[in-house]
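All remarks here apply to the structure that follows.
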Amino acid sequence: MQCLVKKGSINYEVHGSGFPILIMHSMGTDHLSMTSWIEPIFQTIKGFKRIYIDLPAHGKSVIEENFSSSDDMLISILDFVDCIIPNQKFSLIGFSYGGYLAQGILHTRKTNVKSICLLSTALHIRDRTLPKREVFTKDNILLSQLDPDICVAIETLMNYQDKQHIEYFLKEIQPGRLLANKKFLHSKWREKGYFLSEEPFKNMGELSQPALFIMGKQDSICGYKDHISLLNKFSNATFAILDQTGHMIQIEKRQIVQCLVQDWLLTIK
């Protein structure tokens with residue numbers, strides 16, 4: 001489905017009914033990367049409406065020519081919220097860059113956001129504290145058979161590069177990579193417009209929303225040490241750092257991540 005917003009249109013998909021949860025994927029892919037591992041959680045949990053969006057410039061979402069920043073991303077998503085779940089309480093799940101935008105939503109709509117879950121989230125930090133890059137498994141023969149662009153993406157994002165994990169990537173991440181607006185993503189927007197004008201949570205007191213933060217100890221993309229600031233900001237927070245895993249925790253530690261998210265969902269009901 002498409003929703004017209006101020007900076008274009010947002011493609012979205014709704015599963016289930018009940019309390020709304022807005023779910024946002026990482027940069028460069030689409031909502032399929034989230035439905036694939038989140039939806040199985042709701043086989044036994046009822047009462048939630050899952051709203052998966054393609055971020056602006058991703059999937060089937062469309063942006064205007066003058067779209068140029070994370071501020072534009074946030075404006076479009078907030079407009080989407082006002083159209084689809086107006087004047088309602090809702091919760092947030094965000095992965096990586098989607099997690100950064102989720103922080104922006106909470107910052108601007110504090111009274112509407114009931115709880116938040118951030119996975120391998122990006123932060124409002126220019127110089128990230130990152131662990132040394134580690135690769136735990138690698139199938140060089142299989143990687144050599146892949147398209148070079150896919151191979152580079154896997155080697156950049158995945159700490160486990162064996163057949164099983166590569167298949168997850170090809171099934172869940174790669175389809176969205178083919179749909180992403182490369183003209184925008186390869187432009188200078190990251191240098192000039194990546195950071196939100198208003199730093200999330202700056203000058204805000206302690207936040208009471210039930211929060212779940214999950215990071216990988218070997219995440220060389222977003223890290224984990226800088227995220228202690230989030231733990232100190234939320235009075236009701238679960239903070240998990242998963243060892244032997246990197247940025248793609250929803251693939252590399254799927255069952256653990258699903259259990260943690262399921263536990264967080266129980267705080268919403």
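Letters for chains follow the order of the structure tokens (A, B, ...), residue numbers begin at 1 for each chain, and ligand numbers begin at 1 in the order shown.
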> Any idea what's packed within 7 Å of Ser76 (chain A), counting only C-alpha atoms, ignoring anything in its chain fewer than 6 positions away? Could you give it as a ChimeraX atom specification?
Replying inline: /A:5-7
Counting only C-alpha atoms, which residues of region 137-205 of chain A sit at most 12 Å from some atom of region 104-127 of chain A, and what is each one's closest atom pair with its distance in Å to one decimal, listed by chain and rising residue number, as a Markdown table?
| residue | atom | partner | partner_atom | distance |
| --- | --- | --- | --- | --- |
| A:Leu157 | CA | A:Ser120 | CA | 11.6 |
| A:Arg190 | CA | A:Arg126 | CA | 11.2 |
| A:Glu191 | CA | A:Arg126 | CA | 10.5 |
| A:Tyr194 | CA | A:His124 | CA | 9.3 |
| A:Phe195 | CA | A:His124 | CA | 6.5 |
| A:Leu196 | CA | A:Gly104 | CA | 7.6 |
| A:Ser197 | CA | A:Gly104 | CA | 9.8 |
| A:Glu198 | CA | A:Gly104 | CA | 8.0 |
| A:Glu199 | CA | A:His124 | CA | 6.4 |
| A:Pro200 | CA | A:Gly104 | CA | 5.4 |
| A:Phe201 | CA | A:His107 | CA | 5.7 |
| A:Lys202 | CA | A:His107 | CA | 8.5 |
| A:Asn203 | CA | A:His107 | CA | 10.3 |
| A:Met204 | CA | A:His107 | CA | 8.4 |
| A:Gly205 | CA | A:His107 | CA | 11.1 |
> Can you list, as a list in words, every residue of region 38-100 of chain A that DSSP puts in helix (DSSP H, G or I)?
Replying inline: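 Residues of region 38-100 of chain A classed as helix (DSSP H, G or I): Ile38, Glu39, Pro40, Ile41, Phe42, Gln43, Ser70, Asp71, Asp72, Met73, Leu74, Ile75, Ser76, Ile77, Leu78, Asp79, Phe80, Val81, Asp82, Cys83, Ile84, Tyr97, Gly98, Gly99 and Tyr100 of chain A.
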> If you run DSSP on this backbone, which residues of region 122-236 of chain A come out as strand (DSSP E), and could you give them as a list in words?
Replying inline: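 Taking region 122-236 of chain A and keeping strand (DSSP E) only, one gets Thr137, Lys138, Tyr160, Gln161, Ala211, Leu212, Phe213, Ile214, Met215 and Gly216 of chain A.
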File of the preceding selection, N, CA and C atoms, as a PDB file, in the first residue's frame:
ATOM      1  N   THR A 137      33.144 -17.201  10.071  1.00  0.00           N
ATOM      2  CA  THR A 137      33.089 -18.271   9.072  1.00  0.00           C
ATOM      3  C   THR A 137      33.111 -17.629   7.692  1.00  0.00           C
ATOM      4  N   LYS A 138      33.706 -18.334   6.718  1.00  0.00           N
ATOM      5  CA  LYS A 138      33.781 -17.770   5.368  1.00  0.00           C
ATOM      6  C   LYS A 138      33.862 -18.881   4.339  1.00  0.00           C
ATOM      7  N   TYR A 160      29.438 -13.735   9.695  1.00  0.00           N
ATOM      8  CA  TYR A 160      29.344 -15.144   9.315  1.00  0.00           C
ATOM      9  C   TYR A 160      29.045 -15.182   7.817  1.00  0.00           C
ATOM     10  N   GLN A 161      29.982 -15.707   7.050  1.00  0.00           N
ATOM     11  CA  GLN A 161      29.869 -15.704   5.597  1.00  0.00           C
ATOM     12  C   GLN A 161      29.868 -17.130   5.041  1.00  0.00           C
ATOM     13  N   ALA A 211      12.206   0.056  27.082  1.00  0.00           N
ATOM     14  CA  ALA A 211      13.125   0.062  25.945  1.00  0.00           C
ATOM     15  C   ALA A 211      13.940  -1.227  25.910  1.00  0.00           C
ATOM     16  N   LEU A 212      14.237  -1.656  24.707  1.00  0.00           N
ATOM     17  CA  LEU A 212      15.103  -2.817  24.486  1.00  0.00           C
ATOM     18  C   LEU A 212      16.188  -2.401  23.502  1.00  0.00           C
ATOM     19  N   PHE A 213      17.447  -2.591  23.908  1.00  0.00           N
ATOM     20  CA  PHE A 213      18.581  -2.286  23.044  1.00  0.00           C
ATOM     21  C   PHE A 213      19.392  -3.559  22.859  1.00  0.00           C
ATOM     22  N   ILE A 214      19.586  -3.955  21.604  1.00  0.00           N
ATOM     23  CA  ILE A 214      20.358  -5.166  21.309  1.00  0.00           C
ATOM     24  C   ILE A 214      21.484  -4.794  20.353  1.00  0.00           C
ATOM     25  N   MET A 215      22.712  -5.108  20.740  1.00  0.00           N
ATOM     26  CA  MET A 215      23.880  -4.829  19.925  1.00  0.00           C
ATOM     27  C   MET A 215      24.747  -6.077  19.795  1.00  0.00           C
ATOM     28  N   GLY A 216      25.577  -6.078  18.760  1.00  0.00           N
ATOM     29  CA  GLY A 216      26.545  -7.146  18.590  1.00  0.00           C
ATOM     30  C   GLY A 216      27.913  -6.686  19.073  1.00  0.00           C
TER      31      GLY A 216
END
>> Give me the residues near region 22-37 of chain A as a list of chain:residue names, where near means some atom within 7 Å (using only C-alpha atoms) and where sequence neighbours in that chain fewer than 5 positions away do not count.
In response: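 Once the nearby chain positions are removed, what remains is A:Arg50, A:Ile51, A:Tyr52, A:Ile53, A:Asp54, A:Leu55, A:His58, A:Gly59, A:Ser91, A:Leu92, A:Ile93, A:Gly94, A:Phe95, A:Ser96, A:Tyr97, A:Gly98, A:Glu172, A:Ile173, A:Gly176, A:Arg177, A:Ala180.
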Resulting file, chosen residues, C-alpha atoms, as a short mmCIF file (atom, residue, chain, number, x, y, z; two decimals), in the first residue's frame:
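Okay, out-v3.cif is ready:
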data_model
loop_
_atom_site.label_atom_id
_atom_site.label_comp_id
_atom_site.auth_asym_id
_atom_site.auth_seq_id
_atom_site.Cartn_x
_atom_site.Cartn_y
_atom_site.Cartn_z
CA ARG A 50 2.67 -4.53 12.78
CA ILE A 51 3.22 -1.65 10.35
CA TYR A 52 6.26 -2.25 8.17
CA ILE A 53 7.40 0.65 6.02
CA ASP A 54 9.90 1.07 3.23
CA LEU A 55 11.96 4.04 4.35
CA HIS A 58 13.95 2.52 -0.29
CA GLY A 59 11.79 -0.30 -1.60
CA SER A 91 5.62 1.54 19.70
CA LEU A 92 8.77 1.52 17.60
CA ILE A 93 11.18 -1.11 16.31
CA GLY A 94 14.19 0.14 14.38
CA PHE A 95 17.26 -1.59 13.01
CA SER A 96 20.51 0.27 12.26
CA TYR A 97 19.65 3.54 10.44
CA GLY A 98 15.98 2.74 11.05
CA GLU A 172 15.99 -11.24 3.06
CA ILE A 173 18.42 -8.37 2.36
CA GLY A 176 15.57 -4.70 -1.05
CA ARG A 177 19.03 -3.71 -2.24
CA ALA A 180 16.79 1.02 -3.26
#
> Quick one: residues within 7 Å of Thr129 (chain A), only C-alpha atoms counted, chain neighbours fewer than 6 positions away excluded, as a PyMOL selection string?
Replying inline: chain A and resi 223+225-226
Please dump the current selection as a PDB file, in the first residue's frame; keep all heavy atoms.
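The file below, part_12.pdb, is the result:
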ATOM      1  N   GLY A 223      28.966  -0.463  16.198  1.00  0.00           N
ATOM      2  CA  GLY A 223      29.579  -0.657  17.501  1.00  0.00           C
ATOM      3  C   GLY A 223      28.577  -0.958  18.599  1.00  0.00           C
ATOM      4  O   GLY A 223      27.416  -1.263  18.350  1.00  0.00           O
ATOM      5  N   LYS A 225      29.791   0.203  22.319  1.00  0.00           N
ATOM      6  CA  LYS A 225      30.233   0.934  23.506  1.00  0.00           C
ATOM      7  C   LYS A 225      29.548   2.293  23.644  1.00  0.00           C
ATOM      8  O   LYS A 225      29.224   2.724  24.754  1.00  0.00           O
ATOM      9  CB  LYS A 225      31.751   1.104  23.475  1.00  0.00           C
ATOM     10  CG  LYS A 225      32.522  -0.196  23.659  1.00  0.00           C
ATOM     11  CD  LYS A 225      34.021   0.040  23.738  1.00  0.00           C
ATOM     12  CE  LYS A 225      34.760  -1.268  23.989  1.00  0.00           C
ATOM     13  NZ  LYS A 225      36.232  -1.077  24.064  1.00  0.00           N
ATOM     14  N   ASP A 226      29.328   2.970  22.543  1.00  0.00           N
ATOM     15  CA  ASP A 226      28.687   4.285  22.585  1.00  0.00           C
ATOM     16  C   ASP A 226      27.247   4.205  23.066  1.00  0.00           C
ATOM     17  O   ASP A 226      26.672   5.205  23.502  1.00  0.00           O
ATOM     18  CB  ASP A 226      28.704   4.928  21.190  1.00  0.00           C
ATOM     19  CG  ASP A 226      30.110   5.157  20.656  1.00  0.00           C
ATOM     20  OD1 ASP A 226      30.981   5.530  21.464  1.00  0.00           O
ATOM     21  OD2 ASP A 226      30.326   4.971  19.451  1.00  0.00           O
TER      22      ASP A 226
END
